[in-house]
Structure formats: C-alpha cells, structure tokens
$ cat data_30.cif   # mmCIF, C-alpha atoms
data_target
#
loop_
_atom_site.label_atom_id
_atom_site.label_comp_id
_atom_site.auth_asym_id
_atom_site.auth_seq_id
_atom_site.Cartn_x
_atom_site.Cartn_y
_atom_site.Cartn_z
CA MET A 562 -40.15 125.72 -257.63
CA ALA A 563 -37.29 124.52 -259.85
CA ASP A 564 -35.76 122.63 -256.93
CA THR A 565 -38.83 120.41 -256.58
CA TRP A 566 -39.92 120.28 -260.23
CA PHE A 567 -38.14 117.01 -260.99
CA ASP A 568 -39.99 115.12 -258.27
CA ARG A 569 -43.37 116.62 -259.10
CA ARG A 570 -43.26 116.53 -262.89
CA THR A 571 -41.26 113.39 -263.67
CA PHE A 572 -43.43 110.36 -264.40
CA ARG A 573 -42.17 106.79 -264.40
CA ARG A 574 -45.34 104.78 -263.97
CA PRO A 575 -47.00 102.92 -266.84
CA TRP A 576 -50.17 104.59 -268.13
CA ASP A 577 -53.34 102.54 -268.29
CA LEU A 578 -54.87 102.72 -271.76
CA ASP A 579 -58.46 102.41 -270.55
CA GLY A 580 -57.90 105.20 -268.05
CA LEU A 581 -56.46 107.47 -270.74
CA LEU A 582 -59.37 106.71 -273.04
CA ASP A 583 -61.81 107.64 -270.28
CA ALA A 584 -59.94 110.91 -269.65
CA LYS A 585 -59.82 111.68 -273.38
CA ARG A 586 -63.56 111.15 -273.81
CA ALA A 587 -64.46 113.05 -270.66
CA THR A 588 -62.64 116.15 -271.92
CA GLY A 589 -63.50 115.72 -275.61
CA THR A 590 -59.81 115.92 -276.48
CA ARG A 591 -58.67 115.01 -279.99
CA VAL A 592 -55.15 113.71 -280.50
CA SER A 593 -53.02 114.07 -283.61
CA LEU A 594 -49.81 112.04 -283.76
CA VAL A 595 -47.26 113.34 -286.25
CA ILE A 596 -44.18 111.56 -287.58
CA PRO A 597 -41.76 113.78 -289.55
CA ALA A 598 -39.74 111.64 -291.94
CA VAL A 599 -37.12 111.90 -294.66
CA ASN A 600 -35.73 108.75 -296.28
CA GLU A 601 -36.72 106.44 -293.43
CA ALA A 602 -38.07 103.55 -295.52
CA ALA A 603 -36.24 101.02 -293.36
CA THR A 604 -38.03 101.99 -290.13
CA VAL A 605 -41.11 104.12 -290.82
CA GLY A 606 -43.35 101.13 -291.58
CA ASP A 607 -42.71 99.60 -288.16
CA VAL A 608 -43.24 102.89 -286.34
CA VAL A 609 -46.44 103.77 -288.20
CA GLY A 610 -47.82 100.24 -288.25
CA ARG A 611 -47.48 99.54 -284.56
CA ILE A 612 -48.93 102.91 -283.56
CA HIS A 613 -51.80 102.50 -286.02
CA ASP A 614 -52.66 99.01 -284.83
CA ALA A 615 -52.55 99.88 -281.12
CA PHE A 616 -54.13 103.33 -281.08
CA VAL A 617 -56.15 103.76 -284.28
CA ARG A 618 -57.37 100.28 -285.21
CA ASP A 619 -57.70 98.74 -281.73
CA SER A 620 -58.60 101.88 -279.78
CA ASP A 621 -59.37 105.52 -280.46
CA LEU A 622 -56.58 107.10 -278.44
CA VAL A 623 -55.14 108.65 -281.62
CA ASP A 624 -57.60 110.43 -283.90
CA GLU A 625 -55.13 111.35 -286.64
CA LEU A 626 -51.92 109.53 -287.55
CA VAL A 627 -49.96 111.72 -289.94
CA VAL A 628 -46.57 111.41 -291.62
CA VAL A 629 -45.06 114.59 -293.03
CA ASP A 630 -42.61 113.51 -295.71
CA GLY A 631 -39.87 116.09 -296.00
CA GLY A 632 -38.83 115.16 -299.54
CA SER A 633 -37.85 111.50 -299.42
CA THR A 634 -36.24 109.91 -302.45
CA ASP A 635 -36.93 106.37 -301.22
CA ASP A 636 -40.22 104.58 -300.48
CA THR A 637 -40.89 106.33 -297.16
CA ALA A 638 -44.21 107.85 -298.28
CA ARG A 639 -45.57 104.66 -299.81
CA ILE A 640 -44.58 102.48 -296.88
CA ALA A 641 -46.04 104.92 -294.35
CA ALA A 642 -49.35 105.10 -296.22
CA GLU A 643 -49.58 101.31 -296.50
CA ALA A 644 -48.91 101.03 -292.75
CA GLY A 645 -51.88 103.26 -291.96
CA ALA A 646 -50.73 106.89 -291.91
CA ARG A 647 -52.16 109.82 -293.80
CA VAL A 648 -49.10 111.09 -295.66
CA HIS A 649 -48.50 114.71 -296.60
CA SER A 650 -45.61 115.91 -298.73
CA LEU A 651 -44.00 118.85 -296.95
CA ALA A 652 -43.66 120.80 -300.21
CA ASP A 653 -47.40 120.44 -300.88
CA ILE A 654 -48.58 121.84 -297.53
CA ARG A 655 -49.51 125.47 -298.08
CA PRO A 656 -46.99 126.07 -300.88
CA ASP A 657 -48.03 129.73 -300.78
CA LEU A 658 -46.11 130.00 -297.51
CA GLY A 659 -42.89 128.85 -299.15
CA HIS A 660 -40.93 125.70 -298.47
CA ARG A 661 -37.89 125.15 -296.29
CA ALA A 662 -36.10 121.91 -295.59
CA GLY A 663 -35.90 120.74 -291.99
CA LYS A 664 -37.50 118.82 -289.18
CA GLY A 665 -38.90 122.00 -287.64
CA GLU A 666 -40.55 122.95 -290.90
CA SER A 667 -42.33 119.58 -290.97
CA ILE A 668 -43.52 120.02 -287.39
CA TRP A 669 -44.62 123.62 -287.98
CA LYS A 670 -46.56 122.77 -291.13
CA SER A 671 -48.13 119.72 -289.49
CA GLN A 672 -50.25 122.21 -287.54
CA LEU A 673 -51.86 123.19 -290.84
CA VAL A 674 -52.98 119.65 -291.78
CA THR A 675 -54.10 118.32 -288.39
CA THR A 676 -56.99 119.15 -286.09
CA GLY A 677 -56.07 117.58 -282.74
CA ASP A 678 -56.20 119.52 -279.48
CA VAL A 679 -52.99 117.68 -278.55
CA LEU A 680 -50.10 117.20 -280.97
CA ALA A 681 -47.71 114.32 -280.29
CA PHE A 682 -44.47 113.85 -282.21
CA VAL A 683 -42.52 110.62 -282.71
CA ASP A 684 -39.37 110.22 -284.80
CA ALA A 685 -39.46 107.91 -287.81
CA ASP A 686 -36.02 106.31 -287.36
CA LEU A 687 -36.69 104.32 -284.17
CA THR A 688 -35.18 100.85 -284.05
CA GLU A 689 -35.68 100.01 -280.38
CA TRP A 690 -38.90 101.32 -278.86
CA ASP A 691 -42.44 100.30 -277.94
CA THR A 692 -45.97 101.66 -278.17
CA HIS A 693 -45.92 102.75 -274.53
CA PHE A 694 -44.08 105.79 -275.90
CA VAL A 695 -47.48 107.07 -277.06
CA THR A 696 -49.39 106.48 -273.82
CA GLY A 697 -46.48 107.96 -271.86
CA LEU A 698 -46.44 111.18 -273.87
CA LEU A 699 -50.21 111.61 -273.73
CA GLY A 700 -50.72 110.59 -270.10
CA PRO A 701 -49.89 113.88 -268.33
CA LEU A 702 -51.70 115.98 -270.95
CA LEU A 703 -54.91 113.96 -270.77
CA THR A 704 -55.00 113.79 -266.98
CA ASP A 705 -53.61 117.16 -265.81
CA PRO A 706 -54.84 120.44 -267.35
CA GLY A 707 -51.83 122.23 -265.87
CA VAL A 708 -49.42 120.39 -268.17
CA ALA A 709 -48.83 121.97 -271.59
CA LEU A 710 -45.73 120.11 -272.83
CA VAL A 711 -44.46 116.59 -272.20
CA LYS A 712 -40.93 115.50 -273.08
CA GLY A 713 -39.95 111.86 -273.25
CA PHE A 714 -36.68 110.61 -271.82
CA TYR A 715 -34.90 107.30 -272.10
CA GLU A 716 -31.61 105.44 -272.18
CA ARG A 717 -29.92 106.05 -275.53
CA PRO A 718 -27.32 103.51 -276.63
CA PHE A 719 -24.67 104.37 -279.21
CA ARG A 720 -23.81 101.68 -281.74
CA ALA A 721 -21.08 102.01 -284.35
CA GLY A 722 -19.65 98.85 -285.86
CA ALA A 723 -18.68 96.53 -283.02
CA ALA A 724 -18.96 99.32 -280.44
CA ASP A 725 -22.08 99.31 -278.28
CA ASP A 726 -22.14 101.89 -275.49
CA PRO A 727 -25.47 101.63 -273.62
CA GLN A 728 -25.17 105.23 -272.38
CA GLY A 729 -23.27 106.73 -275.30
CA GLY A 730 -26.10 108.24 -277.34
CA GLY A 731 -27.11 111.86 -277.27
CA ARG A 732 -23.86 113.51 -278.29
CA ALA A 733 -25.56 116.77 -279.29
CA THR A 734 -27.46 116.75 -276.00
CA GLU A 735 -24.36 116.41 -273.83
CA LEU A 736 -22.01 118.63 -275.82
CA VAL A 737 -24.39 121.38 -276.98
CA ALA A 738 -27.89 121.45 -275.51
CA ARG A 739 -27.09 120.74 -271.88
CA PRO A 740 -24.22 123.26 -271.62
CA LEU A 741 -26.33 125.92 -273.34
CA LEU A 742 -29.20 125.38 -270.93
CA ALA A 743 -26.81 125.50 -267.98
CA LEU A 744 -25.81 128.99 -269.10
CA ALA A 745 -29.05 130.40 -270.52
CA ARG A 746 -31.86 128.50 -268.73
CA PRO A 747 -30.37 126.79 -265.66
CA HIS A 748 -33.84 125.96 -264.30
CA LEU A 749 -34.22 123.54 -267.23
CA GLY A 750 -31.08 121.66 -266.25
CA ARG A 751 -33.01 118.69 -264.84
CA VAL A 752 -34.83 117.97 -268.08
CA VAL A 753 -33.27 114.61 -268.89
CA GLN A 754 -33.64 114.71 -272.68
CA PRO A 755 -34.09 118.33 -273.84
CA LEU A 756 -33.65 117.24 -277.48
CA ALA A 757 -36.03 114.27 -277.33
CA GLY A 758 -37.87 113.81 -280.62
CA GLU A 759 -40.72 112.20 -278.72
CA TRP A 760 -42.82 114.95 -277.15
CA ALA A 761 -46.38 116.23 -277.03
CA VAL A 762 -47.94 119.66 -276.62
CA ARG A 763 -51.31 121.35 -276.46
CA ARG A 764 -52.16 122.93 -279.81
CA SER A 765 -53.56 126.03 -278.10
CA VAL A 766 -50.08 126.69 -276.72
CA TYR A 767 -47.91 125.56 -279.59
CA GLU A 768 -49.74 127.49 -282.29
CA THR A 769 -48.75 130.73 -280.49
CA LEU A 770 -45.00 130.00 -280.60
CA HIS A 771 -42.27 130.69 -283.13
CA VAL A 772 -40.81 127.48 -284.55
CA PRO A 773 -37.25 127.04 -285.87
CA VAL A 774 -37.26 125.32 -289.25
CA GLY A 775 -34.40 122.97 -288.40
CA TYR A 776 -33.18 120.80 -285.53
CA GLY A 777 -33.74 123.54 -282.96
CA VAL A 778 -37.47 122.79 -282.94
CA ASP A 779 -37.45 120.35 -279.99
CA LEU A 780 -35.30 122.57 -277.78
CA ALA A 781 -37.16 125.76 -278.70
CA ALA A 782 -40.50 124.25 -277.68
CA LEU A 783 -39.11 123.39 -274.26
CA ILE A 784 -37.70 126.88 -273.70
CA ASP A 785 -40.72 128.74 -275.05
CA VAL A 786 -43.34 126.81 -273.08
CA SER A 787 -41.42 127.12 -269.82
CA ASP A 788 -40.74 130.83 -270.46
CA ARG A 789 -44.38 131.57 -271.22
CA LEU A 790 -46.23 129.32 -268.79
CA GLY A 791 -43.65 128.48 -266.15
CA LEU A 792 -41.62 125.38 -265.47
CA ASP A 793 -44.58 123.55 -263.96
CA ALA A 794 -46.29 123.48 -267.37
CA VAL A 795 -43.56 121.07 -268.50
CA ALA A 796 -43.55 117.38 -267.57
CA GLN A 797 -41.21 114.54 -268.53
CA VAL A 798 -41.95 110.84 -268.85
CA ASP A 799 -39.58 107.89 -268.59
CA LEU A 800 -39.99 105.85 -271.80
CA GLY A 801 -37.33 103.27 -270.97
CA ARG A 802 -34.90 102.68 -273.81
CA ARG A 803 -34.73 104.18 -277.29
CA ALA A 804 -32.42 103.36 -280.15
CA HIS A 805 -32.20 104.96 -283.56
CA SER A 806 -29.77 105.66 -286.37
CA HIS A 807 -26.85 107.96 -285.58
CA GLN A 808 -25.60 110.92 -287.55
CA SER A 809 -21.94 111.35 -288.38
CA LEU A 810 -19.86 113.74 -286.34
CA GLN A 811 -19.74 116.21 -289.25
CA ASP A 812 -23.50 116.06 -289.72
CA LEU A 813 -23.86 116.99 -286.06
CA GLY A 814 -22.11 120.29 -286.85
CA PRO A 815 -25.08 121.97 -288.60
CA MET A 816 -27.35 120.56 -285.90
CA ALA A 817 -25.18 122.18 -283.24
CA VAL A 818 -25.38 125.52 -285.04
CA GLN A 819 -29.18 125.35 -285.17
CA LEU A 820 -29.42 124.37 -281.50
CA THR A 821 -27.15 127.23 -280.50
CA ALA A 822 -29.15 129.68 -282.60
CA ALA A 823 -32.42 128.54 -281.01
CA VAL A 824 -31.05 129.31 -277.56
CA LEU A 825 -29.31 132.57 -278.51
CA SER A 826 -32.41 133.91 -280.27
CA ARG A 827 -34.26 133.44 -276.96
CA SER A 828 -31.56 135.17 -274.92
CA ASP A 829 -29.96 138.60 -274.70
CA ALA A 830 -27.46 137.59 -277.37
CA ARG A 831 -29.29 137.62 -280.69
CA VAL A 832 -28.61 135.80 -283.93
CA GLY A 833 -28.17 138.38 -286.68
CA GLU A 834 -28.69 136.25 -289.78
CA ASP A 835 -31.23 133.68 -290.97
CA ARG A 836 -28.50 131.66 -292.66
CA VAL A 837 -24.85 131.11 -291.83
CA VAL A 838 -22.07 129.14 -293.47
CA LEU A 839 -20.43 126.43 -291.38
CA HIS A 840 -16.86 125.61 -292.47
CA GLN A 841 -15.76 122.04 -291.86
CA PHE A 842 -12.67 120.10 -292.90
CA ARG A 843 -11.76 116.57 -293.89
CA GLY A 844 -8.03 116.79 -293.69
CA LEU A 845 -7.30 119.92 -295.71
CA GLU A 846 -10.44 119.62 -297.81
CA GLU A 847 -12.81 122.42 -296.83
CA ILE A 848 -16.56 121.83 -296.81
CA ALA A 849 -18.82 124.87 -296.59
CA ARG A 850 -22.38 124.12 -295.47
CA GLU A 851 -25.15 126.68 -295.36
CA VAL A 852 -27.27 126.28 -292.24
CA ASP A 853 -30.82 127.67 -292.06
CA LEU A 854 -31.48 129.45 -288.76
CA SER A 855 -34.83 131.03 -289.66
CA GLU A 856 -38.01 130.55 -287.66
CA ARG A 857 -41.64 130.31 -288.68
CA PRO A 858 -44.20 132.66 -287.10
CA PRO A 859 -46.87 131.28 -284.75
CA ALA A 860 -49.23 129.03 -286.69
CA ALA A 861 -52.19 130.96 -285.28
CA GLU A 862 -51.03 133.95 -287.36
CA VAL A 863 -51.24 131.96 -290.59
CA ALA A 864 -54.66 132.00 -292.23
CA ARG A 865 -55.84 128.45 -292.92
#
$ encode --input "data_30.cif" --output "structure tokens"
Amino acid sequence: MADTWFDRRTFRRPWDLDGLLDAKRATGTRVSLVIPAVNEAATVGDVVGRIHDAFVRDSDLVDELVVVDGGSTDDTARIAAEAGARVHSLADIRPDLGHRAGKGESIWKSQLVTTGDVLAFVDADLTEWDTHFVTGLLGPLLTDPGVALVKGFYERPFRAGAADDPQGGGRATELVARPLLALARPHLGRVVQPLAGEWAVRRSVYETLHVPVGYGVDLAALIDVSDRLGLDAVAQVDLGRRAHSHQSLQDLGPMAVQLTAAVLSRSDARVGEDRVVLHQFRGLEEIAREVDLSERPPAAEVAR
C-alpha cells in the first residue's frame, strides 16, 4: 500500500471551483478556514483579504473565515478583521481551560469557536502564494469520503539578504522531520511537506486526536491520522510555490525540540516531561529557553 500511495494520493491538477461548490452542497459540508497568527500585520491582511474575496464574498466555498490571534502586539487583529475575518484572541477562547502560547494551541482552540465539518489551516505569514491553495486543500476532502487529511506541498525558496535559493527553504523539514519519519514512520517518507502549515482535516477525525500546543501540531496530525485510519486516509496536493518569512537558526532550536517530542511521544520512546530547557549559545553567552512539549486532549472531550 505504501509503495503505491504516492501515485494514488498525490494530486497535481487544478480544482474547478464550480465542481467543488457542487460537491460541497451535495454533501451539506460546512468549511471553516482558520489562520493562526502572531504579529503578522505585514502579511495577514493580504492572506485574509484574498481568501475572503474569493471564497466568502464571491462564492460560498468557505463558511467561516477565522483568525486566531495568539497574542499579537502589533495590528494583526485589527487588520485581519478589516480584511474580512472573524478574529478571536487565543487567551479569550475558553479561558477556563487555561492558556498556553503556541501555534498548536491556536489550532486546538479553533475547534471550540468554529462549526465546519472540514477545518482548513493556512499560515498568516505568506508572501508568495495564491488562492488556489484553498481549493487544492479542500478538493480531495469534498470529492472523496475516504480522505481525512490533506497536506499541501510546494517549492519553498530561502531568501536571506542577497541570497535566494529556490529550493533552500524547509530547514526544519530536512534536518528534523524527515529524518525522524525515516526512523519512526518510514511509510510517511513520501509525504513531500510533512510540516506544511497549509492542511485540511475532517473535524470528526481531528476532534478525537491529541494536539501538541507548539510547532509539533502539523506533524502530529499527519502521524495520528495515518496511524488511526491508515495511510490511504492521507492525501497531498501540489500547491506550486510558497514563500514566507524565515526564522533564525536559533529560533529553529525550540521548534526542533517540539517536533522531536511529537514523534517520540507517538513511539516506543516516550517524552517524560511537559517542559524542557534548551541550552543555546552565542559565543560563550548561554541562553536557556524553556520549551513547552505538552499536548491538549481531544477536543471532543472538552465540554463546549
């Protein structure tokens, strides 16, 4: 099955909007598109505005367009609202459940403020992208009931100063995620972008899964869905080219810890602590950073 998965579950064709609308109406499927964001005032307006105009104003492919603001100190929330999103402050979503910082926390809590049968996630920091990202992510889910999770994949350039490497993005993917999968889940080795921030999932599946509060969220969803439902429940869609802001090498350190923890917690080797301290150095200056490795319970277990 794994040997032929790539050919059967990799989609490169463009998706016809009218056809997707017909499929959506025929099944009565509601779609919630969620954009987690923290201090993305420079880009969130473009991402929200173009999705809103194409799929909320001009069609009804997206029923809910939601931004979960993870504590921005800039104008992210205001700009997103003006562009057409319903904006929720992460700290204000079910404060009785406590508040943790992290992308995964925003995605987990988005289940509590949306109603769609399908949840689609798009990053807020995109600088080179197009609205076909949305139709691509939704296409397999709206047309094939056997698909539970769709991951986007794309070319990822790396730009730093005058340097522009068209294939140089995805450092955490190549140095952390892909080697971990090769060891722990080799059947997922042909997933082109296991850490893609653009993905979509059926709520009925996702609300039964544990969700890491940090950067492990995207990888954990891939592992958990394939473990529970089989590799064939996962599809991937070619979205072309994607560019976004890049994190510094040191900021990739905590991300790498969270990715590793997400894989280890789903393997025979278990992570013993919810928080660890990562020691980094600039020259001889030591920097100690606490990294949150905790996971949220399935959303279905949380009373609404």
$ atom_distance --input "data_30.cif" --atom1 "atom CA of Arg655 of chain A" --atom2 "atom CA of Asp779 of chain A"
22.3 Å
$ resolve_selection --input "data_30.cif" --expression "the PyMOL selection byres ((chain A and resi 568-573) around 6)" --output "MDAnalysis selection string"
chainID A and resid 565:567 574 796:799
$ write_last_selection --input "data_30.cif" --atoms "C-alpha atoms" --output "CSV table (one decimal), keeping the file's coordinate frame"
chain,number,residue,atom,x,y,z
A,565,THR,CA,-38.8,120.4,-256.6
A,566,TRP,CA,-39.9,120.3,-260.2
A,567,PHE,CA,-38.1,117.0,-261.0
A,574,ARG,CA,-45.3,104.8,-264.0
A,796,ALA,CA,-43.6,117.4,-267.6
A,797,GLN,CA,-41.2,114.5,-268.5
A,798,VAL,CA,-42.0,110.8,-268.8
A,799,ASP,CA,-39.6,107.9,-268.6
$ residues_around --input "data_30.cif" --residues "Glu834 of chain A" --least-positions-apart "2" --cutoff "9 Å" --atoms "only C-alpha atoms" --output "VMD selection string"
chain A and resid 832 836 to 837 854 to 855
$ atom_distance --input "data_30.cif" --atom1 "atom CA of Asp812 of chain A" --atom2 "atom CA of Gly777 of chain A"
14.4 Å
$ resolve_selection --input "data_30.cif" --expression "the PyMOL selection byres ((chain A and resi 818) around 9)" --output "MDAnalysis selection string"
chainID A and resid 777 813:817 819:823 837 839 852 854
$ resolve_selection --input "data_30.cif" --expression "the PyMOL selection byres ((chain A and resi 660-667) around 7)" --output "ChimeraX atom specification"
/A:597,629,631,651-652,656,658-659,668-671,772-776,778
$ atom_distance --input "data_30.cif" --atom1 "atom CA of Val595 of chain A" --atom2 "atom CA of Ile654 of chain A"
14.2 Å
$ closest_residue --input "data_30.cif" --among "A:Ser593, A:Pro755, A:His613, A:Arg763" --to "Pro740 of chain A" --atoms "all atoms listed in the file"
A:Pro755
$ residues_near_point --input "data_30.cif" --point "(-37.1, 115.2, -276.7)" --cutoff "7 Å" --atoms "all atoms listed in the file" --output "list in words"
Lys712, Gly713, Phe714, Gln754, Pro755, Leu756, Ala757, Gly758, Glu759, Trp760 and Asp779 of chain A
$ residues_around --input "data_30.cif" --residues "Leu792 of chain A" --least-positions-apart "5" --cutoff "10 Å" --atoms "only C-alpha atoms" --output "PDB file with C-alpha atoms, in the coordinates of the input"
ATOM      1  CA  MET A 562     -40.150 125.720-257.630  1.00  0.00           C
ATOM      2  CA  ALA A 563     -37.290 124.520-259.850  1.00  0.00           C
ATOM      3  CA  TRP A 566     -39.920 120.280-260.230  1.00  0.00           C
ATOM      4  CA  ARG A 570     -43.260 116.530-262.890  1.00  0.00           C
ATOM      5  CA  VAL A 708     -49.420 120.390-268.170  1.00  0.00           C
ATOM      6  CA  LEU A 710     -45.730 120.110-272.830  1.00  0.00           C
ATOM      7  CA  HIS A 748     -33.840 125.960-264.300  1.00  0.00           C
ATOM      8  CA  LEU A 749     -34.220 123.540-267.230  1.00  0.00           C
ATOM      9  CA  LEU A 783     -39.110 123.390-274.260  1.00  0.00           C
ATOM     10  CA  ILE A 784     -37.700 126.880-273.700  1.00  0.00           C
ATOM     11  CA  VAL A 786     -43.340 126.810-273.080  1.00  0.00           C
ATOM     12  CA  SER A 787     -41.420 127.120-269.820  1.00  0.00           C
TER      13      SER A 787
END
$ closest_residue --input "data_30.cif" --among "A:Arg639, A:His771, A:Arg739, A:His840" --to "Val605 of chain A" --atoms "only C-alpha atoms"
A:Arg639
$ axis_aligned_box --input "data_30.cif" --around "segment 649-654 of chain A" --padding-each-side "4 Å" --output "JSON"
{"center_x": -46.1, "center_y": 118.3, "center_z": -298.7, "size_x": 12.9, "size_y": 15.1, "size_z": 12.3}
$ residues_near_point --input "data_30.cif" --point "(-48.5, 129.4, -282.4)" --cutoff "10 Å" --atoms "all atoms listed in the file" --output "PyMOL selection string"
chain A and resi 669+672+764-772+857-863
$ closest_residue --input "data_30.cif" --among "A:Val627, A:Leu703, A:Ala603, A:Ala745" --to "Asp686 of chain A" --atoms "only C-alpha atoms"
A:Ala603
$ closest_residue --input "data_30.cif" --among "A:Val695, A:Val824, A:Ala781, A:Ala733" --to "Val592 of chain A" --atoms "only C-alpha atoms"
A:Val695
$ closest_residue --input "data_30.cif" --among "A:Gly791, A:Gly580, A:Gly801, A:Gly645" --to "Phe694 of chain A" --atoms "all atoms listed in the file"
A:Gly801
$ decode --input "data_30.cif" --residues "segment 812-828 of chain A" --atoms "N, CA and C atoms" --output "JSON list (two decimals), in the first residue's frame"
[["chain", "number", "residue", "atom", "x", "y", "z"],
["A", 812, "ASP", "N", 16.13, 30.20, 16.57],
["A", 812, "ASP", "CA", 14.70, 30.03, 16.81],
["A", 812, "ASP", "C", 14.20, 28.68, 16.30],
["A", 813, "LEU", "N", 14.93, 28.08, 15.38],
["A", 813, "LEU", "CA", 14.56, 26.74, 14.92],
["A", 813, "LEU", "C", 14.87, 25.67, 15.97],
["A", 814, "GLY", "N", 15.70, 26.01, 16.95],
["A", 814, "GLY", "CA", 16.04, 25.04, 18.00],
["A", 814, "GLY", "C", 14.84, 24.59, 18.80],
["A", 815, "PRO", "N", 14.07, 25.52, 19.41],
["A", 815, "PRO", "CA", 12.87, 25.09, 20.13],
["A", 815, "PRO", "C", 11.87, 24.37, 19.22],
["A", 816, "MET", "N", 11.77, 24.79, 17.97],
["A", 816, "MET", "CA", 10.89, 24.10, 17.04],
["A", 816, "MET", "C", 11.34, 22.65, 16.88],
["A", 817, "ALA", "N", 12.64, 22.44, 16.73],
["A", 817, "ALA", "CA", 13.16, 21.09, 16.57],
["A", 817, "ALA", "C", 12.86, 20.22, 17.78],
["A", 818, "VAL", "N", 12.94, 20.81, 18.97],
["A", 818, "VAL", "CA", 12.63, 20.06, 20.19],
["A", 818, "VAL", "C", 11.16, 19.63, 20.18],
["A", 819, "GLN", "N", 10.27, 20.56, 19.81],
["A", 819, "GLN", "CA", 8.85, 20.22, 19.79],
["A", 819, "GLN", "C", 8.52, 19.18, 18.73],
["A", 820, "LEU", "N", 9.16, 19.26, 17.57],
["A", 820, "LEU", "CA", 8.94, 18.25, 16.53],
["A", 820, "LEU", "C", 9.41, 16.88, 17.00],
["A", 821, "THR", "N", 10.58, 16.85, 17.61],
["A", 821, "THR", "CA", 11.11, 15.58, 18.11],
["A", 821, "THR", "C", 10.20, 14.99, 19.17],
["A", 822, "ALA", "N", 9.71, 15.84, 20.07],
["A", 822, "ALA", "CA", 8.82, 15.36, 21.12],
["A", 822, "ALA", "C", 7.53, 14.80, 20.55],
["A", 823, "ALA", "N", 6.99, 15.45, 19.51],
["A", 823, "ALA", "CA", 5.75, 14.97, 18.90],
["A", 823, "ALA", "C", 5.92, 13.56, 18.33],
["A", 824, "VAL", "N", 7.08, 13.30, 17.75],
["A", 824, "VAL", "CA", 7.33, 11.97, 17.19],
["A", 824, "VAL", "C", 7.62, 10.96, 18.31],
["A", 825, "LEU", "N", 8.46, 11.34, 19.28],
["A", 825, "LEU", "CA", 8.81, 10.42, 20.36],
["A", 825, "LEU", "C", 7.59, 10.04, 21.19],
["A", 826, "SER", "N", 6.68, 11.00, 21.42],
["A", 826, "SER", "CA", 5.50, 10.70, 22.23],
["A", 826, "SER", "C", 4.56, 9.75, 21.52],
["A", 827, "ARG", "N", 4.76, 9.55, 20.23],
["A", 827, "ARG", "CA", 3.95, 8.62, 19.44],
["A", 827, "ARG", "C", 4.73, 7.37, 19.08],
["A", 828, "SER", "N", 5.83, 7.14, 19.78],
["A", 828, "SER", "CA", 6.68, 5.99, 19.52],
["A", 828, "SER", "C", 6.96, 5.27, 20.83]]
